[in-house]
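Okay, structure first, notes after.
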Amino acid sequence: MNIRDLIQTANANLLRSKIRTALTIISIFVGALTISLTVGITSGISSYINSQLGNVGAENVLLVQPAVDQSISSGPEEYKEDEATATVNSPFMMPMVTTDDIQKIKSQANIAKVTPVIYPSIEYVQYVDNSKYVISASSFIDGTNIDLVAGQIPNNDSQELQIVLPEDYIETLGLGNAQESIGKILSITVRNTASSQSQTIDATVTGVQAKSLLTSGGASGNTALLEALNNAEKDGLPDNLKNSYIAVATQLTNADEETIESTKTALGELGYSAQTVQDQIGIINQIINAITAVLLFFGAIALLAASFGIINTLYMSVQERTKEIGLMKAMGMSKGRVFILFSIEAILIGFWGSLTGILASIGIGKIANNIASNGFLKDFTGFDLTSFPLTSLLPIMLVIMFIAFLAGTLPSRKAAKQDAIEALKYE
Amino acid sequence: MSAIKTTNLTKTYGKKDTLFTALDNVSIDIQNGEKVAIIGKSGSGKSTLMHIVALLDSPTSGDIEINGKNIADYSTKQIDQLRNDEFGFVFQQFFLNANNSVLDNVTLPLKIAGIKPKSRNQRGLEALRAVGLEDKAKNKANDLSGGQKQRVVIARALINNPKIIFADEPTGNLDSNTGQKIEELLFKLNKEQGITLIVVTHDEDLAKKFDRRINIKDGKITNTTKGAK
């Protein structure tokens with residue numbers, strides 16, 4: 001029998017008991033649907049995150065802070081004079097980057113510029129005489145892309161005190177719409193740590209930032225603004241506290257993988273942890289991957305159950321067709337061909353189950369995308385909840401067909417081993 | 001020249017206490033174009049003998065030569081090939097696939113041989129013409145009468161232009177009138193196409209019409225008679 005006849009014969013055999021075949025296919029369908037939907041959602045979210053990561057930019061910037069030993073220690077740690085981790089001298093009980101540290105970091109190879117990242121403790125912000133609001137702000141890191149709705153990104157070289165606000169702050173703060181808010185003056189009040197006196201600094205709104213899943217939601221300001229806020233907050237404190245920062249943004253001379261990795265290692269040996277912006281956001285990917293693994297596990301269990309369905313269906317089929325198998329063998333059909341014939345039946349069950357499962361998951365995905373993009377994902381432009389690239393669907397199909405084949409080997413072997421005479425005698 | 005020659009064929013089932021000898025030192029020599037009846041009662045070993053010479057079963061000991069070649073030298077694949085190329089089978093119980101068309105049933109051996117649909121359907125129609133059932137080609141096998149079914153089976157046995165046709169009680173399930181037509185058909189093929197005919201039967205009347213009758217009892221050949229009566 002040639003392959004075309006084998007496939008046709010196998011297909012005709014499956015159609016002989018339509019309901020039984022359909023039920024077996026449904027069990028594969030359920031497994032395929034689960035797996036394909038999981039992959040679809042993962043791929044949708046990942047592709048959004050990756051596109052966002054691409055937008056973040058600043059590939060050559062490492063955020064450097066003293067490494068924190070997060071292991072649960074047994075007993076107190078030994079004091080080491082030169083290690084960065086030893087300088088815990090901040091009110092946050094977190095090791096801070098001091099001027100000494102900055103010097104050390106600067107002395108490393110491949111480093112172009114080190115800028116402190118300042119997170120001022122803003123007491124409140126106010127536009128003219130509107131209500132006061134609490135916001136968070138941090139330093140704008142050069143090279144970072146901000147998805148702007150209006151205006152421009154902060155200019156770190158400018159002496160003007162500039163701030164870029166998230167889109168959803170604008171109306172609340174009473175700044176009108178995004179376009180109208182540009183150029184308006186926002187008063188930022190910080191409290192001095194030494195004197196407890198509040199001081200107000202006026203910043204110009206230069207831009208409005210679109211909402212994104214990955215941005216922290218805070219405002220970003222240029223160096224001039226952040227230094228002004230830092231001075232206002234820490235004036236009067238001793239120098240070592242005044243000039244200490246949670247992290248510094250370290251610009252590298254080069255953005256290639258090798259430079260980044262070698263610098264990370266070098267800084268790591270000095271006791272600092274260095275991460276690119278991509279590294280930090282990439283943690284979300286890890287969480288998603290963990291959830292995916294769990295869902296895939298469920299899908300795999302469904303497929304395992306379905307495999308037993310295939311085994312059962314084909315065993316029944318072999319039993320029913322004992323005489324037919326005997327006849328074909330008497331007429332010179334080889335063991336191998338009989339095995340292939342039944343294996344193809346198993347693979348066809350896998351094929352139809354996975355194909356319908358995948359098509360259904362694409363359908364469900366499309367509907368979910370529609371609902372999501374009009375609902376809870378409305379503000380996240382370009383975020384499709386699910387996406388089904390062919391490169392991930394094809395392997396799913398192939399794997400399921402392979403599993404079906406494996407399940408089919410037991411009954412197929414039984415059919416192949418059947419003795420022509422015994423089979424013909426079988427009543 | 002011998003179509004089939006066996007030397008000291010023995011077939012036993014079971015071991016020690018339950019040992020059962022189905023065939024005991026059977027030697028036969030069937031010539032090309034001969035028509036031979038193997039007769040015996042139920043359980044005499046006649047079917048076992050046919051199964052072994054048709055290479056569907058293997059003997060416990062003894063040799064089989066087909067066309068002068070010892071099949072002990074053949075691989076399983078070559079034996080499958082030989083059955084597909086040179087043998088035709090007619091069974092008492094027909095063994096037709098009830099839901100397939102008559103033509104599909106007839107062309108099954110060619111399908112197994114890997115012959116393309118167009119050519120095998122053409123040959124299928126020729127074989128059906130030879131048994132006078134060309135007009136039933138598209139019917140389902142189940143819709144035919146017993147005699148028609150057996151003619152389809154003969155068409156199926158004929159389709160690969162076999163050298164030997166093995167028939168196990170070919171008229172056993174048919175009334176005497178229809179049975180006679182099947183006999184005539186088989187003898188015609190033997191005469192006109194020179195196909196060697198080996199028939200297993202317990203029917204003395206049928207056996208009488210053969211060139212040679214091999215009587216089997218308890219796995220042994222009791223006597224061989226020659227010449228149609």
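We label chains A, B, ... in the order they appear in the structure tokens, count residues from 1 in each chain, and number ligands from 1 in the order shown.
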Write out as a tab-separated table (two decimals) with N, CA and C atoms, in the first residue's frame every residue belonging to chain A that has an atom at most 7 Å from any atom of chain B, counting only C-alpha atoms.
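Listed below is the output, iface-v7.tsv:
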chain	number	residue	atom	x	y	z
A	1	MET	N	0.84	-1.21	0.00
A	1	MET	CA	0.00	0.00	0.00
A	1	MET	C	0.87	1.24	0.00
A	2	ASN	N	0.58	2.17	-0.90
A	2	ASN	CA	1.35	3.40	-0.87
A	2	ASN	C	0.73	4.37	0.14
A	330	ALA	N	-3.19	-11.92	4.82
A	330	ALA	CA	-3.19	-13.09	3.94
A	330	ALA	C	-2.86	-12.67	2.52
A	331	MET	N	-3.35	-11.47	2.15
A	331	MET	CA	-3.11	-11.00	0.79
A	331	MET	C	-1.75	-10.34	0.63
A	332	GLY	N	-0.93	-10.47	1.64
A	332	GLY	CA	0.46	-10.03	1.50
A	332	GLY	C	0.76	-8.67	2.06
A	333	MET	N	-0.14	-8.11	2.87
A	333	MET	CA	0.19	-6.82	3.49
A	333	MET	C	1.16	-7.11	4.64
A	334	SER	N	2.26	-6.36	4.65
A	334	SER	CA	3.30	-6.66	5.63
A	334	SER	C	2.92	-6.12	7.01
A	420	ALA	N	-2.42	-14.03	10.62
A	420	ALA	CA	-3.44	-14.02	9.57
A	420	ALA	C	-4.47	-15.13	9.78
A	421	ILE	N	-3.98	-16.32	10.08
A	421	ILE	CA	-4.88	-17.47	10.24
A	421	ILE	C	-5.81	-17.30	11.43
Shell around Lys35 (chain B) at 6 Å using only C-alpha atoms, local window under 6 positions removed, as a VMD selection string
chain B and resid 196 to 198 210 to 211
Got a sec: who's within 8 Å of Ile163 (chain A), counting only C-alpha atoms, leaving out chain neighbours fewer than 4 positions off, as a list in words?
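Answer for this query is Pro154, Ala203, Thr204, Val205, Thr206, Gly207, Ala219, Ser220, Gly221, Asn222 and Leu225 of chain A.
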Just want the 7 Å neighbourhood of Lys138 (chain B), counted on only C-alpha atoms, with same-chain residues fewer than 5 positions away dropped. Output as a list in words.
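These residues fall inside the cut-off: Ser101, Val102 and Leu103 of chain B.
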Selection near Ala207 (chain B), 10 Å with only C-alpha atoms, sequence-local residues under 3 positions removed, as number ranges by chain
B: 36-39, 199-204, 210-215, 228-229
Point out the residue among B:Glu34, B:Ala127, B:Lys15, B:Ile64 with the least atom-to-atom distance to Gly227 (chain B), counting only C-alpha atoms.
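Closest to Gly227 (chain B), using only C-alpha atoms: B:Glu34.
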Enter the distance from CA of Glu183 (chain B) to CA of Glu422 (chain A), in Å, rounded to one decimal.
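Going from CA of Glu183 (chain B) over to CA of Glu422 (chain A) covers 27.0 Å.
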DSSP-assigned strand (DSSP E) members of chain B, reported as a ChimeraX atom specification
/B:2-13,20-26,29-31,35-39,61-66,69-70,87-90,164-168,196-201,212-217,220-226
Among region 23-150 of chain B, which ones does DSSP assign to alpha helix (DSSP H) (computed from the backbone)? Answer as a ChimeraX atom specification.
/B:46-53,76-86,102-113,117-130,146-150
Identify, on the basis of only C-alpha atoms, every residue whose closest approach to Ala194 (chain A) does not exceed 12 Å; exclude the query and any residue fewer than 6 positions from it along the same chain; express the result as a ChimeraX atom specification.
/A:231-238,241-242
How many Å separate CA of Gly363 (chain A) from CA of Ser51 (chain A)?
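So the answer is 23.9 Å.
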